file structure.tsv (TSV, C-alpha atoms and all ligand atoms)
chain	number	residue	atom	x	y	z
P	1	MET	CA	6.12	-41.10	24.34
P	2	ARG	CA	8.38	-39.20	21.93
P	3	THR	CA	10.33	-36.43	23.60
P	4	LYS	CA	12.52	-33.60	22.46
P	5	ARG	CA	14.90	-31.14	24.02
P	6	CYS	CA	13.90	-27.48	23.65
P	7	SER	CA	16.81	-25.58	22.15
P	8	LYS	CA	15.80	-22.46	24.08
P	9	CYS	CA	15.08	-23.51	27.67
P	10	GLY	CA	16.92	-26.84	27.40
P	11	GLU	CA	14.12	-28.85	29.00
P	12	ILE	CA	13.22	-32.26	27.64
P	13	LYS	CA	9.50	-32.33	26.86
P	14	SER	CA	6.94	-34.47	25.05
P	15	VAL	CA	6.75	-33.65	21.32
P	16	ASN	CA	3.14	-32.61	21.99
P	17	ARG	CA	4.63	-29.60	23.79
P	18	PHE	CA	6.14	-28.38	20.49
P	19	TYR	CA	4.36	-26.78	17.55
P	20	LYS	CA	4.27	-28.69	14.28
P	21	ASP	CA	6.83	-27.63	11.67
P	22	LYS	CA	6.67	-29.36	8.30
P	23	ASN	CA	10.08	-27.99	7.30
P	24	ARG	CA	11.91	-29.92	10.03
P	25	LYS	CA	12.99	-33.56	9.92
P	26	ASP	CA	11.18	-34.57	13.14
P	27	GLY	CA	8.09	-32.55	12.17
P	28	VAL	CA	8.14	-30.18	15.19
P	29	GLY	CA	9.75	-26.83	15.93
P	30	GLY	CA	13.04	-26.26	17.78
P	31	TYR	CA	11.49	-24.30	20.65
P	32	CYS	CA	8.86	-25.69	22.98
P	33	LYS	CA	5.40	-24.06	22.83
P	34	GLU	CA	6.07	-21.91	25.91
P	35	CYS	CA	9.40	-20.63	24.57
P	36	GLN	CA	7.93	-20.14	21.12
P	37	LYS	CA	5.06	-18.04	22.53
P	38	LYS	CA	7.46	-15.99	24.62
P	39	TRP	CA	9.73	-15.44	21.63
P	40	GLN	CA	6.81	-14.35	19.43
P	41	LYS	CA	5.59	-11.96	22.10
P	42	ASN	CA	9.04	-10.38	22.37
P	43	ASN	CA	9.63	-10.15	18.60
P	44	PRO	CA	6.47	-8.72	17.04
P	45	GLU	CA	8.49	-6.92	14.36
P	46	LYS	CA	10.19	-10.16	13.25
P	47	ILE	CA	6.82	-11.94	13.17
P	48	ARG	CA	5.35	-9.16	11.07
P	49	LYS	CA	8.28	-9.29	8.65
P	50	ALA	CA	8.19	-13.08	8.42
P	51	GLY	CA	4.47	-12.92	7.66
P	52	LYS	CA	5.06	-10.33	4.99
P	53	LYS	CA	7.85	-12.42	3.45
P	54	TYR	CA	5.66	-15.52	3.50
P	55	ARG	CA	2.79	-13.71	1.81
P	56	LYS	CA	5.16	-12.33	-0.80
P	57	ASN	CA	6.71	-15.73	-1.55
P	58	ASN	CA	3.43	-17.64	-1.48
P	59	PRO	CA	0.80	-15.36	-3.03
P	60	GLU	CA	-1.18	-18.28	-4.47
P	61	LYS	CA	-1.25	-20.14	-1.17
P	62	VAL	CA	-2.24	-17.05	0.79
P	63	ARG	CA	-4.99	-16.24	-1.71
P	64	GLU	CA	-6.31	-19.79	-1.48
P	65	GLN	CA	-6.26	-19.74	2.32
P	66	TYR	CA	-7.97	-16.35	2.41
P	67	LYS	CA	-10.60	-17.49	-0.07
P	68	LYS	CA	-11.28	-20.63	1.93
P	69	TRP	CA	-11.48	-18.69	5.16
P	70	ARG	CA	-13.95	-16.27	3.64
P	71	GLU	CA	-16.08	-19.12	2.36
P	72	ASP	CA	-16.06	-20.65	5.83
P	73	ASN	CA	-17.02	-17.30	7.41
P	74	PRO	CA	-19.66	-15.76	5.12
P	75	GLU	CA	-21.23	-13.77	7.94
P	76	TYR	CA	-17.94	-12.09	8.79
P	77	ASP	CA	-17.47	-11.09	5.17
P	78	LYS	CA	-20.97	-9.62	4.95
P	79	LYS	CA	-20.55	-7.71	8.22
P	80	TRP	CA	-17.18	-6.38	7.13
P	81	ARG	CA	-18.69	-5.10	3.89
P	82	GLU	CA	-21.51	-3.41	5.79
P	83	ASN	CA	-19.05	-1.75	8.14
P	84	ASN	CA	-16.62	-0.66	5.42
P	85	PRO	CA	-18.72	0.73	2.56
P	86	GLU	CA	-15.99	3.16	1.58
P	87	LYS	CA	-13.38	0.38	1.31
P	88	VAL	CA	-15.80	-1.79	-0.68
P	89	ARG	CA	-16.48	1.11	-3.05
P	90	LYS	CA	-12.77	1.76	-3.52
P	91	SER	CA	-12.00	-1.89	-4.06
P	92	LYS	CA	-14.77	-2.18	-6.64
P	93	LYS	CA	-13.50	0.92	-8.40
P	94	LYS	CA	-9.94	-0.42	-8.39
P	95	TYR	CA	-11.13	-3.76	-9.75
P	96	TYR	CA	-13.10	-1.98	-12.46
P	97	GLN	CA	-10.14	0.20	-13.44
P	98	LYS	CA	-7.89	-2.83	-13.63
P	99	ASN	CA	-10.34	-4.94	-15.65
P	100	LYS	CA	-12.10	-2.19	-17.56
P	101	GLU	CA	-11.71	-3.66	-21.04
P	102	LYS	CA	-12.68	-7.15	-19.97
P	103	ILE	CA	-15.74	-5.91	-18.06
P	104	LYS	CA	-16.84	-3.71	-20.96
P	105	GLU	CA	-16.52	-6.63	-23.37
P	106	THR	CA	-18.52	-8.93	-21.05
P	107	GLN	CA	-21.21	-6.28	-20.66
P	108	LYS	CA	-21.37	-5.77	-24.41
P	109	ILE	CA	-21.83	-9.48	-25.03
P	110	TRP	CA	-24.53	-9.63	-22.35
P	111	ARG	CA	-26.36	-6.66	-23.87
P	112	GLU	CA	-26.26	-8.23	-27.32
P	113	ASP	CA	-27.52	-11.53	-25.96
P	114	ASN	CA	-30.29	-9.87	-23.91
P	115	PRO	CA	-31.51	-6.85	-25.90
P	116	ILE	CA	-35.00	-6.76	-24.37
P	117	LYS	CA	-33.71	-7.20	-20.82
P	118	PHE	CA	-31.16	-4.47	-21.40
P	119	TRP	CA	-33.82	-2.19	-22.89
P	120	CYS	CA	-36.00	-2.68	-19.77
P	121	LEU	CA	-33.10	-1.85	-17.41
P	122	LYS	CA	-32.03	1.13	-19.46
P	123	THR	CA	-35.46	2.66	-20.02
P	124	ILE	CA	-36.35	2.43	-16.32
P	125	ALA	CA	-33.00	3.95	-15.33
P	126	THR	CA	-33.48	6.77	-17.85
P	127	HIS	CA	-36.99	7.54	-16.60
P	128	LYS	CA	-35.81	7.58	-13.00
P	129	HIS	CA	-32.88	9.77	-13.96
P	130	LYS	CA	-35.30	12.25	-15.55
P	131	GLY	CA	-37.21	12.37	-12.28
P	132	TYR	CA	-40.17	10.11	-13.11
P	133	LYS	CA	-41.55	7.81	-10.47
P	134	VAL	CA	-41.42	4.22	-11.75
P	135	LEU	CA	-43.40	1.82	-9.58
P	136	PHE	CA	-42.19	-1.41	-11.16
P	137	LYS	CA	-38.92	-3.20	-11.72
P	138	SER	CA	-37.17	-4.34	-14.86
P	139	LYS	CA	-38.20	-7.95	-14.25
P	140	ASP	CA	-41.88	-6.85	-14.16
P	141	LEU	CA	-41.56	-4.97	-17.43
P	142	LEU	CA	-39.68	-7.76	-19.20
P	143	PRO	CA	-42.65	-10.09	-19.94
P	144	ILE	CA	-44.65	-7.12	-21.28
P	145	ALA	CA	-41.79	-6.00	-23.50
P	146	LYS	CA	-41.36	-9.57	-24.76
P	147	GLN	CA	-45.05	-9.63	-25.73
P	148	THR	CA	-45.07	-6.17	-27.28
P	149	LYS	CA	-43.45	-6.82	-30.65
P	150	LYS	CA	-45.24	-3.95	-32.38
P	151	CYS	CA	-45.97	-0.35	-31.39
P	152	SER	CA	-49.24	-0.30	-29.43
P	153	ILE	CA	-50.45	2.66	-31.49
P	154	CYS	CA	-49.16	2.42	-35.09
P	155	ASP	CA	-48.15	-1.28	-35.28
P	156	VAL	CA	-44.62	-0.58	-36.49
P	157	GLU	CA	-42.26	-3.47	-35.69
P	158	LEU	CA	-40.22	-2.60	-32.59
P	159	ASP	CA	-36.46	-3.07	-32.47
P	160	TYR	CA	-35.35	-3.53	-28.87
P	161	SER	CA	-31.70	-3.70	-29.82
P	162	HIS	CA	-31.58	0.06	-30.42
P	163	GLY	CA	-30.30	0.50	-26.87
P	164	ASN	CA	-27.08	-1.11	-28.00
P	165	LYS	CA	-26.57	1.26	-30.87
P	166	ALA	CA	-25.06	4.69	-30.60
P	167	GLY	CA	-27.01	7.76	-31.64
P	168	LYS	CA	-30.61	8.92	-31.44
P	169	PRO	CA	-33.54	6.51	-31.24
P	170	GLY	CA	-34.85	5.48	-34.65
P	171	LYS	CA	-38.27	4.82	-36.22
P	172	GLN	CA	-38.48	1.39	-34.64
P	173	SER	CA	-37.17	2.30	-31.21
P	174	PRO	CA	-39.53	1.26	-28.43
P	175	SER	CA	-40.37	3.70	-25.62
P	176	LEU	CA	-42.36	3.67	-22.42
P	177	ASP	CA	-45.59	5.62	-22.51
P	178	ARG	CA	-47.86	6.58	-19.63
P	179	ILE	CA	-51.38	5.85	-20.85
P	180	ASP	CA	-52.65	8.55	-18.48
P	181	ASN	CA	-50.00	11.21	-18.08
P	182	ASN	CA	-51.50	12.51	-14.85
P	183	LYS	CA	-50.65	9.23	-13.18
P	184	VAL	CA	-47.24	7.78	-12.29
P	185	LEU	CA	-45.65	4.86	-14.13
P	186	THR	CA	-47.33	1.71	-12.90
P	187	LEU	CA	-47.51	-1.44	-15.00
P	188	SER	CA	-51.22	-0.95	-15.71
P	189	ASN	CA	-50.62	2.67	-16.73
P	190	THR	CA	-47.77	1.77	-19.08
P	191	GLN	CA	-47.69	0.81	-22.73
P	192	ILE	CA	-44.79	0.38	-25.11
P	193	ILE	CA	-45.03	2.48	-28.23
P	194	CYS	CA	-42.57	3.49	-30.91
P	195	HIS	CA	-40.44	6.55	-30.42
P	196	ARG	CA	-42.24	8.51	-33.14
P	197	CYS	CA	-45.71	7.85	-31.72
P	198	ASN	CA	-44.44	8.85	-28.30
P	199	ALA	CA	-43.02	12.07	-29.69
P	200	THR	CA	-46.38	12.82	-31.35
P	201	LYS	CA	-48.42	11.89	-28.30
P	202	ARG	CA	-46.13	13.70	-25.86
P	203	ASP	CA	-48.08	14.53	-22.70
P	204	ARG	CA	-51.52	13.74	-24.16
P	205	SER	CA	-53.66	11.07	-22.58
P	206	MET	CA	-55.02	8.44	-24.99
P	207	LYS	CA	-58.39	10.24	-24.92
P	208	GLU	CA	-56.75	13.52	-25.88
P	209	MET	CA	-54.81	11.67	-28.55
P	210	PHE	CA	-58.06	10.32	-30.07
P	211	GLU	CA	-59.54	13.81	-30.05
P	212	TRP	CA	-56.41	15.16	-31.70
P	213	CYS	CA	-56.59	12.52	-34.43
P	214	GLU	CA	-60.28	13.10	-34.96
P	215	ASN	CA	-59.73	16.81	-35.26
P	216	PHE	CA	-56.86	16.26	-37.66
P	217	ILE	CA	-58.96	14.01	-39.91
P	218	ASN	CA	-61.94	16.35	-39.83
P	219	LYS	CA	-59.86	19.37	-40.60
P	220	PHE	CA	-57.53	18.03	-43.27
P	221	VAL	CA	-58.40	14.59	-44.62
P	222	LYS	CA	-62.11	15.22	-45.14
P	223	ARG	CA	-61.36	18.57	-46.66
P	224	VAL	CA	-59.03	16.95	-49.19
P	225	LYS	CA	-61.64	14.30	-50.05
P	226	ASN	CA	-64.39	16.82	-50.69
P	301	ZN	ZN	11.55	-24.24	25.92
P	302	ZN	ZN	-45.90	3.87	-33.31

call {"tool": "encode", "arguments": {"input": "structure.tsv", "output": "structure tokens"}}
result
Amino acid sequence: MRTKRCSKCGEIKSVNRFYKDKNRKDGVGGYCKECQKKWQKNNPEKIRKAGKKYRKNNPEKVREQYKKWREDNPEYDKKWRENNPEKVRKSKKKYYQKNKEKIKETQKIWREDNPIKFWCLKTIATHKHKGYKVLFKSKDLLPIAKQTKKCSICDVELDYSHGNKAGKPGKQSPSLDRIDNNKVLTLSNTQIICHRCNATKRDRSMKEMFEWCENFINKFVKRVKN
């Protein structure tokens, strides 16, 4: 059995009674465990400072250890987030401020790569923001948008990338339309039409729209023909 003399209490003890210390030749600390504990208890300020110094001198190591610990304790991390929403919000904000340009660039690339997906997210958010009730999610709208390549009323080719461009919606901009305006936005009550048709239709139901068109033709087109 390897033994060592504690430089604090002077007792000769088994090396198992000493904490490991990689920086020392024999691989264990100078004080025995009991003396070490007592010393730590009596010098909290020194411990705190040493910890601070260590973290400052070994930021990579500390980050790695912290990352590993968090991966090993996913529940703790989740709980902590739930209990500290304000801190999470602040940390997210700080991260965003620090990486603003990078985040913006990544988002821009994503939007350009996923114009239809982005259009779905944006149009739902806009409708909700305006106070409409939307009873479906972006992922439900996506397959419909992918299928709807032309305006459901006038057949104009739709350009889903308009969401990425600045300025007002153009002739080919797609928009969500409630087929029956007295009902909320459900998938079955929704069609995608061009911005111009939507502006013309406004709050009319499709039935009212037909009547409007009929009236228009009767009043003007037929008159011109005769
Ligand atoms: Zn000792
Ligand atoms: Zn149209």

call {"tool": "residues_near_ligand", "arguments": {"input": "structure.tsv", "ligand": "ligand ZN 302 (chain P)", "cutoff": "6 Å", "atoms": "all atoms listed in the file", "output": "PDB file with C-alpha atoms, in the frame of the given file"}}
result
ATOM      1  CA  CYS P 151     -45.970  -0.350 -31.390  1.00  0.00           C
ATOM      2  CA  ILE P 153     -50.450   2.660 -31.490  1.00  0.00           C
ATOM      3  CA  CYS P 154     -49.160   2.420 -35.090  1.00  0.00           C
ATOM      4  CA  ASP P 155     -48.150  -1.280 -35.280  1.00  0.00           C
ATOM      5  CA  VAL P 156     -44.620  -0.580 -36.490  1.00  0.00           C
ATOM      6  CA  ILE P 193     -45.030   2.480 -28.230  1.00  0.00           C
ATOM      7  CA  CYS P 194     -42.570   3.490 -30.910  1.00  0.00           C
ATOM      8  CA  ARG P 196     -42.240   8.510 -33.140  1.00  0.00           C
ATOM      9  CA  CYS P 197     -45.710   7.850 -31.720  1.00  0.00           C
TER      10      CYS P 197
END

call {"tool": "residues_near_ligand", "arguments": {"input": "structure.tsv", "ligand": "ligand ZN 301 (chain P)", "cutoff": "10 Å", "atoms": "all atoms listed in the file", "output": "list in words"}}
result
Arg5, Cys6, Ser7, Lys8, Cys9, Gly10, Glu11, Ile12, Lys13, Arg17, Phe18, Gly30, Tyr31, Cys32, Lys33, Glu34, Cys35, Gln36, Lys37, Lys38 and Trp39 of chain P

call {"tool": "closest_residue", "arguments": {"input": "structure.tsv", "among": "P:Glu208, P:Glu214, P:Glu105, P:Thr186", "to": "Asp140 (chain P)", "atoms": "only C-alpha atoms"}}
result
P:Thr186

call {"tool": "closest_residue", "arguments": {"input": "structure.tsv", "among": "P:Gln147, P:Tyr132, P:Ile109, P:Glu211", "to": "Asn181 (chain P)", "atoms": "all atoms listed in the file"}}
result
P:Tyr132

call {"tool": "closest_residue", "arguments": {"input": "structure.tsv", "among": "P:Asp180, P:Tyr160, P:Lys100, P:Val88", "to": "Leu121 (chain P)", "atoms": "only C-alpha atoms"}}
result
P:Tyr160

call {"tool": "residues_around", "arguments": {"input": "structure.tsv", "residues": "Arg204 (chain P)", "least_positions_apart": "4", "cutoff": "12 Å", "atoms": "all atoms listed in the file", "output": "MDAnalysis selection string"}}
result
chainID P and resid 177:183 197:200 208:213

call {"tool": "write_last_selection", "arguments": {"input": "structure.tsv", "atoms": "C-alpha atoms", "output": "tab-separated table (two decimals), in the coordinates of the input"}}
result
chain	number	residue	atom	x	y	z
P	177	ASP	CA	-45.59	5.62	-22.51
P	178	ARG	CA	-47.86	6.58	-19.63
P	179	ILE	CA	-51.38	5.85	-20.85
P	180	ASP	CA	-52.65	8.55	-18.48
P	181	ASN	CA	-50.00	11.21	-18.08
P	182	ASN	CA	-51.50	12.51	-14.85
P	183	LYS	CA	-50.65	9.23	-13.18
P	197	CYS	CA	-45.71	7.85	-31.72
P	198	ASN	CA	-44.44	8.85	-28.30
P	199	ALA	CA	-43.02	12.07	-29.69
P	200	THR	CA	-46.38	12.82	-31.35
P	208	GLU	CA	-56.75	13.52	-25.88
P	209	MET	CA	-54.81	11.67	-28.55
P	210	PHE	CA	-58.06	10.32	-30.07
P	211	GLU	CA	-59.54	13.81	-30.05
P	212	TRP	CA	-56.41	15.16	-31.70
P	213	CYS	CA	-56.59	12.52	-34.43

call {"tool": "atom_distance", "arguments": {"input": "structure.tsv", "atom1": "CA of Gly131 (chain P)", "atom2": "CA of Ile116 (chain P)"}}
result
22.7 Å

call {"tool": "residues_around", "arguments": {"input": "structure.tsv", "residues": "His195 (chain P)", "least_positions_apart": "5", "cutoff": "9 Å", "atoms": "only C-alpha atoms", "output": "list in words"}}
result
Cys151, Pro169, Gly170, Lys171, Gln172, Ser173, Pro174, Ser175, Leu176 and Thr200 of chain P

call {"tool": "atom_distance", "arguments": {"input": "structure.tsv", "atom1": "CA of His129 (chain P)", "atom2": "CA of Val184 (chain P)"}}
result
14.6 Å
